[in-house]
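Everything below belongs to work_24.txt, which stores compact mmCIF, C-alpha atoms and all ligand atoms.
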```
# COMPACT_ATOMS: atom_id res chain seq x y z
CA MET A 5 -25.91 55.92 -21.10
CA GLN A 6 -22.63 54.03 -21.46
CA ALA A 7 -22.80 51.06 -23.76
CA LYS A 8 -20.28 48.62 -25.16
CA SER A 9 -20.38 46.21 -28.06
CA PHE A 10 -21.48 42.71 -27.09
CA LEU A 11 -18.69 40.17 -27.54
CA PRO A 12 -19.96 36.65 -26.90
CA PRO A 13 -17.59 33.85 -25.85
CA GLN A 14 -16.62 31.19 -28.38
CA ARG A 15 -18.67 28.11 -27.38
CA THR A 16 -19.11 24.65 -28.84
CA LEU A 17 -22.85 24.09 -29.08
CA MET A 18 -23.84 20.47 -28.44
CA GLY A 19 -27.26 21.01 -26.97
CA PRO A 20 -30.70 20.66 -28.59
CA GLY A 21 -30.10 23.73 -30.79
CA PRO A 22 -28.96 26.19 -31.90
CA SER A 23 -26.04 24.21 -33.28
CA ASP A 24 -22.58 25.38 -34.30
CA VAL A 25 -22.78 27.53 -37.42
CA ASN A 26 -20.40 27.11 -40.33
CA PRO A 27 -18.23 30.29 -40.61
CA ARG A 28 -19.32 30.50 -44.26
CA VAL A 29 -22.88 31.11 -43.04
CA LEU A 30 -21.86 33.93 -40.70
CA SER A 31 -19.79 35.47 -43.43
CA ALA A 32 -22.71 35.31 -45.89
CA MET A 33 -24.80 37.19 -43.33
CA SER A 34 -22.42 40.13 -43.31
CA ARG A 35 -22.65 40.74 -47.07
CA PRO A 36 -24.11 44.07 -48.25
CA ILE A 37 -27.82 44.52 -47.75
CA ILE A 38 -29.94 45.02 -50.87
CA GLY A 39 -33.67 45.66 -51.20
CA HIS A 40 -35.95 42.67 -50.72
CA LEU A 41 -37.67 43.40 -54.04
CA ASP A 42 -34.34 43.95 -55.85
CA PRO A 43 -34.24 41.60 -58.85
CA VAL A 44 -30.94 40.16 -57.62
CA PHE A 45 -32.50 39.32 -54.25
CA VAL A 46 -35.57 37.85 -55.96
CA GLY A 47 -33.22 35.66 -58.02
CA MET A 48 -31.57 34.43 -54.82
CA MET A 49 -34.98 33.61 -53.35
CA GLU A 50 -35.92 31.57 -56.42
CA GLU A 51 -32.71 29.61 -56.01
CA MET A 52 -33.44 29.18 -52.31
CA LYS A 53 -36.80 27.63 -53.17
CA GLY A 54 -35.01 24.99 -55.27
CA LEU A 55 -32.51 24.36 -52.48
CA LEU A 56 -35.30 23.93 -49.93
CA GLN A 57 -37.16 21.60 -52.30
CA TYR A 58 -33.97 19.53 -52.46
CA ALA A 59 -33.57 19.50 -48.66
CA PHE A 60 -37.20 18.44 -48.20
CA GLN A 61 -37.08 16.08 -51.23
CA THR A 62 -40.18 17.62 -52.74
CA GLU A 63 -41.45 19.30 -55.85
CA ASN A 64 -44.03 21.27 -53.86
CA ALA A 65 -44.33 24.73 -55.42
CA LEU A 66 -45.29 26.21 -52.04
CA THR A 67 -41.92 25.74 -50.35
CA LEU A 68 -40.46 28.77 -48.58
CA PRO A 69 -38.78 30.02 -45.42
CA VAL A 70 -41.20 31.68 -43.01
CA SER A 71 -39.59 34.86 -41.63
CA ALA A 72 -39.56 33.71 -38.00
CA PRO A 73 -38.39 30.68 -35.98
CA GLY A 74 -39.65 27.09 -36.05
CA SER A 75 -42.61 27.92 -33.81
CA ALA A 76 -43.86 30.27 -36.54
CA GLY A 77 -43.55 27.47 -39.10
CA MET A 78 -45.68 25.36 -36.76
CA GLU A 79 -48.25 28.13 -36.44
CA THR A 80 -48.26 28.66 -40.22
CA CYS A 81 -49.26 25.03 -40.76
CA PHE A 82 -51.99 24.99 -38.13
CA ALA A 83 -53.36 28.48 -38.75
CA ASN A 84 -53.79 27.74 -42.46
CA LEU A 85 -55.00 24.15 -42.29
CA VAL A 86 -57.25 24.10 -39.22
CA GLU A 87 -60.55 25.97 -39.36
CA PRO A 88 -62.87 26.60 -36.43
CA GLY A 89 -64.75 23.37 -35.67
CA ASP A 90 -62.22 21.10 -37.39
CA LYS A 91 -61.09 17.92 -35.68
CA ALA A 92 -57.37 17.10 -35.69
CA ILE A 93 -55.58 14.02 -34.35
CA VAL A 94 -52.47 15.18 -32.51
CA CYS A 95 -49.74 12.78 -31.39
CA ILE A 96 -47.95 13.65 -28.16
CA ASN A 97 -44.72 11.90 -27.20
CA GLY A 98 -42.81 14.93 -25.91
CA VAL A 99 -42.87 18.70 -25.57
CA PHE A 100 -43.54 19.63 -29.15
CA GLY A 101 -46.64 17.47 -29.58
CA THR A 102 -48.20 19.39 -26.70
CA ARG A 103 -47.59 22.62 -28.61
CA MET A 104 -49.35 21.15 -31.64
CA LYS A 105 -52.43 20.48 -29.50
CA GLU A 106 -52.32 24.05 -28.23
CA ASN A 107 -52.16 25.28 -31.84
CA VAL A 108 -55.21 23.24 -32.88
CA GLU A 109 -57.22 24.63 -29.98
CA ARG A 110 -56.13 28.21 -30.59
CA CYS A 111 -57.34 27.84 -34.20
CA GLY A 112 -60.78 26.88 -32.87
CA GLY A 113 -60.34 23.18 -33.64
CA THR A 114 -60.76 20.10 -31.47
CA ALA A 115 -57.70 17.97 -30.75
CA VAL A 116 -58.00 14.20 -30.38
CA VAL A 117 -54.81 13.24 -28.56
CA VAL A 118 -52.84 10.06 -29.22
CA GLU A 119 -50.34 9.72 -26.38
CA ASP A 120 -47.13 7.77 -26.19
CA ASP A 121 -44.50 7.70 -23.47
CA TRP A 122 -41.84 10.36 -23.63
CA GLY A 123 -38.86 8.64 -25.23
CA ALA A 124 -41.02 6.32 -27.37
CA PRO A 125 -41.91 7.01 -31.02
CA VAL A 126 -45.50 7.73 -32.08
CA SER A 127 -47.31 4.37 -32.25
CA PRO A 128 -48.80 3.71 -35.73
CA GLY A 129 -51.25 1.23 -34.14
CA LYS A 130 -52.68 3.88 -31.82
CA VAL A 131 -52.84 6.37 -34.67
CA GLU A 132 -54.74 3.88 -36.83
CA ASP A 133 -57.24 3.30 -34.02
CA ALA A 134 -57.71 7.07 -33.62
CA LEU A 135 -58.23 7.50 -37.37
CA LYS A 136 -60.81 4.69 -37.38
CA GLY A 137 -62.56 6.10 -34.32
CA ASN A 138 -62.66 9.64 -35.74
CA PRO A 139 -63.65 9.42 -39.41
CA ASP A 140 -64.45 13.16 -39.35
CA ALA A 141 -60.84 14.10 -38.46
CA LYS A 142 -59.26 16.32 -41.10
CA ILE A 143 -55.66 16.47 -39.89
CA LEU A 144 -53.07 14.12 -38.41
CA ALA A 145 -50.21 16.02 -36.74
CA PHE A 146 -47.02 14.61 -35.27
CA VAL A 147 -43.34 15.34 -34.65
CA HIS A 148 -40.77 13.49 -36.75
CA ALA A 149 -37.77 14.15 -34.48
CA GLU A 150 -38.85 14.86 -30.88
CA THR A 151 -36.09 17.14 -29.60
CA SER A 152 -37.21 16.80 -25.99
CA THR A 153 -36.34 13.07 -25.96
CA GLY A 154 -34.41 12.12 -29.10
CA ALA A 155 -37.12 9.78 -30.43
CA CYS A 156 -37.70 9.40 -34.18
CA SER A 157 -41.18 8.54 -35.49
CA ASP A 158 -42.05 6.73 -38.71
CA VAL A 159 -43.23 9.52 -41.03
CA GLU A 160 -43.81 7.24 -44.00
CA THR A 161 -46.15 4.86 -42.16
CA LEU A 162 -48.04 7.61 -40.35
CA CYS A 163 -48.59 9.56 -43.59
CA ARG A 164 -49.79 6.41 -45.37
CA LEU A 165 -52.34 5.78 -42.61
CA ALA A 166 -53.51 9.39 -42.77
CA ARG A 167 -54.05 9.16 -46.54
CA GLU A 168 -56.00 5.92 -46.17
CA HIS A 169 -58.37 7.87 -43.90
CA ASP A 170 -58.44 10.99 -46.06
CA CYS A 171 -56.59 13.11 -43.53
CA LEU A 172 -53.95 15.73 -44.31
CA THR A 173 -50.69 15.48 -42.35
CA ILE A 174 -48.76 18.20 -40.52
CA VAL A 175 -45.21 17.07 -39.71
CA ASP A 176 -42.70 18.80 -37.43
CA ALA A 177 -39.25 18.39 -38.98
CA VAL A 178 -37.50 21.10 -36.97
CA THR A 179 -34.76 18.76 -35.75
CA SER A 180 -34.82 16.22 -38.59
CA LEU A 181 -34.30 18.30 -41.75
CA GLY A 182 -30.78 17.64 -43.07
CA GLY A 183 -29.92 15.22 -40.23
CA SER A 184 -32.20 12.21 -40.74
CA PRO A 185 -33.76 10.66 -43.84
CA LEU A 186 -36.85 12.64 -44.81
CA LYS A 187 -38.64 12.36 -48.17
CA VAL A 188 -41.64 14.64 -48.32
CA ASP A 189 -43.00 13.57 -51.72
CA ASP A 190 -42.22 9.84 -51.50
CA TRP A 191 -43.74 9.67 -48.05
CA GLY A 192 -46.80 11.77 -48.92
CA VAL A 193 -46.40 14.54 -46.34
CA ASP A 194 -48.91 17.40 -46.79
CA ALA A 195 -47.52 20.18 -44.61
CA ILE A 196 -44.10 20.29 -43.00
CA TYR A 197 -42.07 22.86 -41.11
CA SER A 198 -38.49 23.01 -39.91
CA GLY A 199 -36.03 25.42 -38.31
CA SER A 200 -32.82 26.99 -39.54
CA GLN A 201 -30.81 26.43 -36.34
CA LYS A 202 -30.58 22.64 -36.04
CA CYS A 203 -29.17 20.33 -38.73
CA LEU A 204 -29.07 23.12 -41.32
CA SER A 205 -26.58 24.87 -39.02
CA CYS A 206 -27.80 28.33 -39.84
CA THR A 207 -28.55 31.10 -37.35
CA PRO A 208 -31.96 30.80 -35.63
CA GLY A 209 -34.98 32.73 -36.81
CA LEU A 210 -36.19 31.18 -40.06
CA SER A 211 -38.58 28.30 -40.60
CA PRO A 212 -38.59 26.42 -43.91
CA VAL A 213 -42.07 25.09 -44.74
CA SER A 214 -43.56 23.11 -47.61
CA PHE A 215 -47.15 22.32 -48.62
CA SER A 216 -48.50 19.67 -51.00
CA GLU A 217 -51.05 20.52 -53.68
CA ARG A 218 -53.75 18.89 -51.54
CA ALA A 219 -52.81 21.19 -48.67
CA VAL A 220 -52.82 24.26 -50.93
CA GLU A 221 -56.28 23.32 -52.24
CA ARG A 222 -57.50 23.03 -48.64
CA ILE A 223 -56.08 26.46 -47.81
CA GLN A 224 -57.62 28.07 -50.89
CA ALA A 225 -61.01 26.52 -50.14
CA ARG A 226 -61.19 27.77 -46.54
CA SER A 227 -64.51 29.18 -45.46
CA HIS A 228 -62.98 31.35 -42.69
CA LYS A 229 -60.18 33.87 -43.11
CA VAL A 230 -56.90 32.71 -41.57
CA GLN A 231 -56.92 34.38 -38.16
CA SER A 232 -53.28 35.56 -38.46
CA TRP A 233 -52.66 38.19 -41.12
CA PHE A 234 -48.88 37.64 -41.07
CA LEU A 235 -49.04 33.86 -41.46
CA ASP A 236 -51.93 33.72 -43.96
CA LEU A 237 -50.42 31.77 -46.85
CA ASN A 238 -52.99 33.15 -49.27
CA LEU A 239 -51.22 36.49 -48.78
CA VAL A 240 -47.67 35.15 -48.40
CA MET A 241 -48.10 33.32 -51.73
CA GLY A 242 -48.27 36.71 -53.45
CA TYR A 243 -44.69 37.28 -52.37
CA TRP A 244 -43.22 33.80 -52.52
CA GLY A 245 -45.53 32.32 -55.10
CA GLY A 246 -43.06 32.69 -57.93
CA GLY A 247 -43.96 33.54 -61.50
CA GLY A 248 -41.48 36.43 -61.32
CA LYS A 249 -44.01 38.92 -59.83
CA ARG A 250 -43.69 39.62 -56.14
CA ALA A 251 -46.01 41.86 -54.18
CA TYR A 252 -44.86 43.44 -50.94
CA HIS A 253 -46.11 41.44 -47.97
CA HIS A 254 -43.51 42.08 -45.25
CA THR A 255 -39.87 43.14 -45.29
CA ALA A 256 -37.94 39.91 -45.66
CA PRO A 257 -35.06 39.37 -43.18
CA ILE A 258 -32.61 39.88 -46.01
CA ASN A 259 -29.26 39.04 -44.41
CA ALA A 260 -30.73 36.13 -42.46
CA LEU A 261 -31.91 34.75 -45.80
CA TYR A 262 -28.37 35.07 -47.21
CA ALA A 263 -27.32 32.89 -44.28
CA LEU A 264 -29.99 30.26 -44.92
CA HIS A 265 -29.12 30.25 -48.62
CA GLU A 266 -25.46 29.61 -47.77
CA SER A 267 -26.31 26.80 -45.35
CA LEU A 268 -28.44 25.16 -48.04
CA VAL A 269 -25.62 25.54 -50.57
CA ILE A 270 -23.33 23.77 -48.07
CA LEU A 271 -25.90 20.99 -47.69
CA ALA A 272 -26.21 20.60 -51.46
CA GLU A 273 -22.42 20.54 -51.86
CA GLU A 274 -22.16 17.74 -49.33
CA GLY A 275 -25.21 15.92 -50.64
CA LEU A 276 -28.27 15.16 -48.55
CA GLU A 277 -27.59 11.46 -48.13
CA ASN A 278 -23.97 12.15 -47.20
CA SER A 279 -25.22 14.53 -44.54
CA TRP A 280 -27.62 11.90 -43.15
CA ASN A 281 -24.75 9.35 -43.13
CA ARG A 282 -22.36 11.79 -41.47
CA HIS A 283 -24.84 12.35 -38.63
CA ALA A 284 -25.22 8.58 -38.21
CA ARG A 285 -21.45 8.00 -38.22
CA HIS A 286 -20.65 10.57 -35.53
CA HIS A 287 -23.62 9.43 -33.47
CA ALA A 288 -22.23 5.87 -33.51
CA ALA A 289 -18.87 7.08 -32.18
CA LEU A 290 -20.46 9.34 -29.55
CA ARG A 291 -22.67 6.49 -28.45
CA ALA A 292 -19.69 4.10 -28.15
CA GLY A 293 -17.89 6.62 -25.94
CA LEU A 294 -20.91 7.40 -23.76
CA GLU A 295 -21.67 3.73 -23.27
CA ALA A 296 -18.02 2.99 -22.45
CA MET A 297 -18.39 5.57 -19.67
CA GLY A 298 -21.38 3.62 -18.41
CA LEU A 299 -24.06 6.06 -19.55
CA THR A 300 -27.32 4.70 -20.98
CA PHE A 301 -29.71 6.11 -23.59
CA LEU A 302 -33.29 7.16 -22.95
CA VAL A 303 -34.57 6.00 -26.38
CA ASP A 304 -34.48 2.41 -27.75
CA GLU A 305 -31.81 1.91 -30.36
CA ALA A 306 -34.34 1.36 -33.16
CA HIS A 307 -35.94 4.78 -32.67
CA ARG A 308 -32.95 6.88 -31.70
CA LEU A 309 -32.12 10.12 -33.51
CA PRO A 310 -28.43 10.51 -34.39
CA GLN A 311 -28.59 14.27 -33.92
CA LEU A 312 -30.15 14.29 -30.42
CA ASN A 313 -28.69 11.94 -27.84
CA ALA A 314 -30.58 11.82 -24.54
CA VAL A 315 -28.64 9.93 -21.85
CA HIS A 316 -29.55 9.25 -18.22
CA VAL A 317 -27.74 11.24 -15.55
CA PRO A 318 -25.90 8.78 -13.24
CA ALA A 319 -27.47 8.35 -9.80
CA GLY A 320 -26.40 10.96 -7.27
CA VAL A 321 -24.98 13.39 -9.86
CA ASP A 322 -26.15 17.02 -9.89
CA GLU A 323 -26.82 17.36 -13.60
CA ALA A 324 -26.94 21.18 -13.60
CA ALA A 325 -23.52 21.36 -11.90
CA VAL A 326 -22.08 19.15 -14.65
CA ARG A 327 -23.49 21.36 -17.40
CA ALA A 328 -22.22 24.47 -15.63
CA GLU A 329 -18.72 23.03 -15.37
CA LEU A 330 -18.70 21.97 -19.02
CA LEU A 331 -19.64 25.50 -20.00
CA GLU A 332 -17.18 27.21 -17.70
CA ARG A 333 -14.13 24.99 -18.16
CA TYR A 334 -14.60 23.72 -21.70
CA ASN A 335 -16.91 26.31 -23.32
CA LEU A 336 -19.11 23.34 -24.15
CA GLU A 337 -22.90 23.53 -24.06
CA ILE A 338 -25.04 20.41 -23.67
CA GLY A 339 -28.78 20.43 -22.96
CA ALA A 340 -30.86 19.61 -19.88
CA GLY A 341 -33.86 17.29 -19.79
CA LEU A 342 -37.40 18.63 -20.16
CA GLY A 343 -40.77 17.77 -18.60
CA PRO A 344 -40.64 14.42 -16.77
CA TYR A 345 -36.95 14.16 -17.67
CA ALA A 346 -35.89 17.51 -16.17
CA GLY A 347 -32.89 16.76 -13.96
CA LYS A 348 -32.78 13.16 -15.19
CA VAL A 349 -31.20 13.26 -18.66
CA TRP A 350 -28.74 15.30 -20.67
CA ARG A 351 -29.47 16.04 -24.29
CA ILE A 352 -26.37 16.02 -26.45
CA GLY A 353 -26.78 17.45 -29.92
CA LEU A 354 -24.78 16.43 -32.97
CA MET A 355 -26.35 18.71 -35.50
CA GLY A 356 -25.25 19.93 -38.90
CA HIS A 357 -21.82 21.56 -38.85
CA GLY A 358 -21.41 20.33 -35.25
CA ALA A 359 -21.66 16.66 -36.23
CA ASN A 360 -17.92 16.08 -36.48
CA GLU A 361 -15.14 14.09 -34.82
CA ARG A 362 -13.69 17.09 -33.01
CA ASN A 363 -16.97 17.78 -31.23
CA VAL A 364 -17.48 14.10 -30.38
CA SER A 365 -13.99 13.93 -28.87
CA LEU A 366 -14.38 17.20 -26.96
CA CYS A 367 -17.73 16.16 -25.51
CA LEU A 368 -16.53 12.70 -24.46
CA SER A 369 -13.29 13.87 -22.90
CA ALA A 370 -14.84 16.85 -21.09
CA LEU A 371 -17.87 14.95 -19.80
CA GLU A 372 -15.71 12.04 -18.70
CA ALA A 373 -13.29 14.35 -16.87
CA VAL A 374 -16.09 16.14 -15.01
CA LEU A 375 -17.91 12.93 -14.08
CA ALA A 376 -14.68 11.16 -13.08
CA ASP A 377 -13.86 14.05 -10.71
CA MET A 378 -17.22 13.40 -9.06
CA GLY A 379 -16.44 9.69 -8.83
CA ALA A 380 -19.39 8.90 -11.10
CA VAL A 381 -17.48 7.13 -13.91
CA LYS A 382 -14.17 5.38 -14.43
CA PRO A 383 -11.86 7.59 -16.54
CA GLY A 384 -9.94 6.59 -19.64
CA GLN A 385 -12.59 4.57 -21.50
CA ALA A 386 -14.63 6.93 -23.66
CA LEU A 387 -12.23 8.30 -26.25
CA ALA A 388 -10.71 4.90 -27.00
CA ALA A 389 -14.18 3.44 -27.57
CA ALA A 390 -15.12 6.29 -29.91
CA ARG A 391 -11.86 5.97 -31.81
CA ALA A 392 -12.38 2.24 -32.21
CA ARG A 393 -15.87 2.92 -33.57
CA TYR A 394 -14.53 5.48 -36.06
CA LYS A 395 -12.02 2.93 -37.33
CA GLN A 396 -14.90 0.62 -38.29
CA SER A 397 -16.63 3.27 -40.39
C1 LIG A 401 -39.28 19.62 -32.59
C2 LIG A 401 -39.33 21.11 -32.44
N1 LIG A 401 -40.42 21.78 -32.87
C3 LIG A 401 -40.51 23.12 -32.77
C4 LIG A 401 -39.49 23.86 -32.22
C5 LIG A 401 -39.63 25.36 -32.11
O1 LIG A 401 -38.65 25.98 -32.88
P1 LIG A 401 -38.11 27.46 -32.51
O2 LIG A 401 -37.48 27.36 -31.17
O3 LIG A 401 -37.16 27.77 -33.63
O4 LIG A 401 -39.29 28.36 -32.51
C6 LIG A 401 -38.35 23.22 -31.75
C7 LIG A 401 -37.24 23.98 -31.14
O5 LIG A 401 -36.38 23.45 -30.49
C8 LIG A 401 -38.26 21.81 -31.88
O6 LIG A 401 -37.18 21.15 -31.46
```
In structure tokens, what does this structure look like?
Amino acid sequence: MQAKSFLPPQRTLMGPGPSDVNPRVLSAMSRPIIGHLDPVFVGMMEEMKGLLQYAFQTENALTLPVSAPGSAGMETCFANLVEPGDKAIVCINGVFGTRMKENVERCGGTAVVVEDDWGAPVSPGKVEDALKGNPDAKILAFVHAETSTGACSDVETLCRLAREHDCLTIVDAVTSLGGSPLKVDDWGVDAIYSGSQKCLSCTPGLSPVSFSERAVERIQARSHKVQSWFLDLNLVMGYWGGGGKRAYHHTAPINALYALHESLVILAEEGLENSWNRHARHHAALRAGLEAMGLTFLVDEAHRLPQLNAVHVPAGVDEAAVRAELLERYNLEIGAGLGPYAGKVWRIGLMGHGANERNVSLCLSALEAVLADMGAVKPGQALAAARARYKQS
């Protein structure tokens, strides 16, 4: 068999993730491999725990990266916290809420669904009604940053309501961690998962998770074994639990963890709040340019994520042809719409390392050029509007 090395093109990633990766992260990944029980590696993992606690703004002892992508972080939360027969309130306002429901059911639980329109945030009023109507519910689950629409939900309020009704919370922070304000301890989140490939700007394949003491007590008091051996936190805790002693559970993805460590070091160097502000600043400029072109946003301004910008495709435009041309001519990736918004919106990511002025300018000029060629927008407006917005910040 003849085989050649794979040499990918150099793209700019402005879709819903993965995002552009800082070269420092790729370089960290190529450092020499050492054993995953080597004391030097164990030292790095201890440091990583502190860095993740900082990113999540928590002192939770059970804070670690699951060795698999965000979906595995999601499954870790549900598999450990939902027992057969348990009732969970699941909020659905996009793709990822539907996956939460699926998780509850696969764990043998019953999901009570609170639905909101795609593009709207989770409604605290509806959640309160569901909590009142289901006093036996044990879990409230929702997505902080809905990547399918770009809507941001109010974690603090939803967690407060859950506590008032003695429910634990499971929060999806795959797209929010590092990009939008998130304070796990102050807001009383019980279980949270994220992904390495969005605002942390690491390579895909790792899922940071964190569990409150209340959540850990619930896991330790389970009456059924966790169905998944790999994701059973009672076993994983033997490896990640700290205290210096680590028992073999699975072979950690060593070089991928170097990469995550480096991306967290970069986040700490910048400062979490500075990172949140940087995402907001570049979003404001991107928005000014998109609106100057005549494009409109799917999500109301008050609930819009800076890192995921969903805009309507102008009438009569073949959205897939636009994305194909951006990729071919400009090496620029933006995302398509999902579910009811397939073919109707583009999703433009400004995540982590990719949230910068160069990417904003590239996206605006390339999109404007392609759309102007199709006669869908008037050229020459977008960059000037973005530049004017940058001058104000
Ligand atoms: C909100 C949300 N949850 C979960 C996931 C699943 O993460 P992964 O694709 O890393 O498994 C994603 C991925 O895009 C996401 O955006």
Can you tell me how far atom C1 of ligand LIG 401 (chain A) sits from CA of Leu68 (chain A), in Å to one decimal?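 Spanning atom C1 of ligand LIG 401 (chain A) to CA of Leu68 (chain A) is a straight-line distance of 18.5 Å.
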Option closest in space to Leu354 (chain A), from A:Asp24, A:Asp190, A:Asp176, A:Asp133 [counting all atoms listed in the file]: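 Using all atoms listed in the file, Leu354 (chain A) sits closest to A:Asp24.
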Could you give me, as a ChimeraX atom specification, every polymer residue with an atom at most 9 Å away from an atom of ligand LIG 401 (chain A), counting only C-alpha atoms and all ligand atoms? /A:20-22,72-78,98-101,103,147-152,176-180,197-202,208-211
I'd like the contact shell of region 35-46 of chain A - 7 Å cut-off, all atoms listed in the file, skipping same-chain residues fewer than 5 positions apart - returned as a ChimeraX atom specification. /A:255-256,258-259
Which residue gives the smallest distance to Val364 (chain A) among A:Leu11, A:Leu17, A:Met241, A:Leu162, with only C-alpha atoms counted? A:Leu17
Hey, what's within 7 Å of region 170-173 of chain A if we count only C-alpha atoms and toss same-chain stuff fewer than 6 positions away? As a list of chain:residue names, please? A:Ala141, A:Lys142, A:Ile143, A:Leu144, A:Ala145, A:Cys163, A:Val193, A:Asp194, A:Ala195
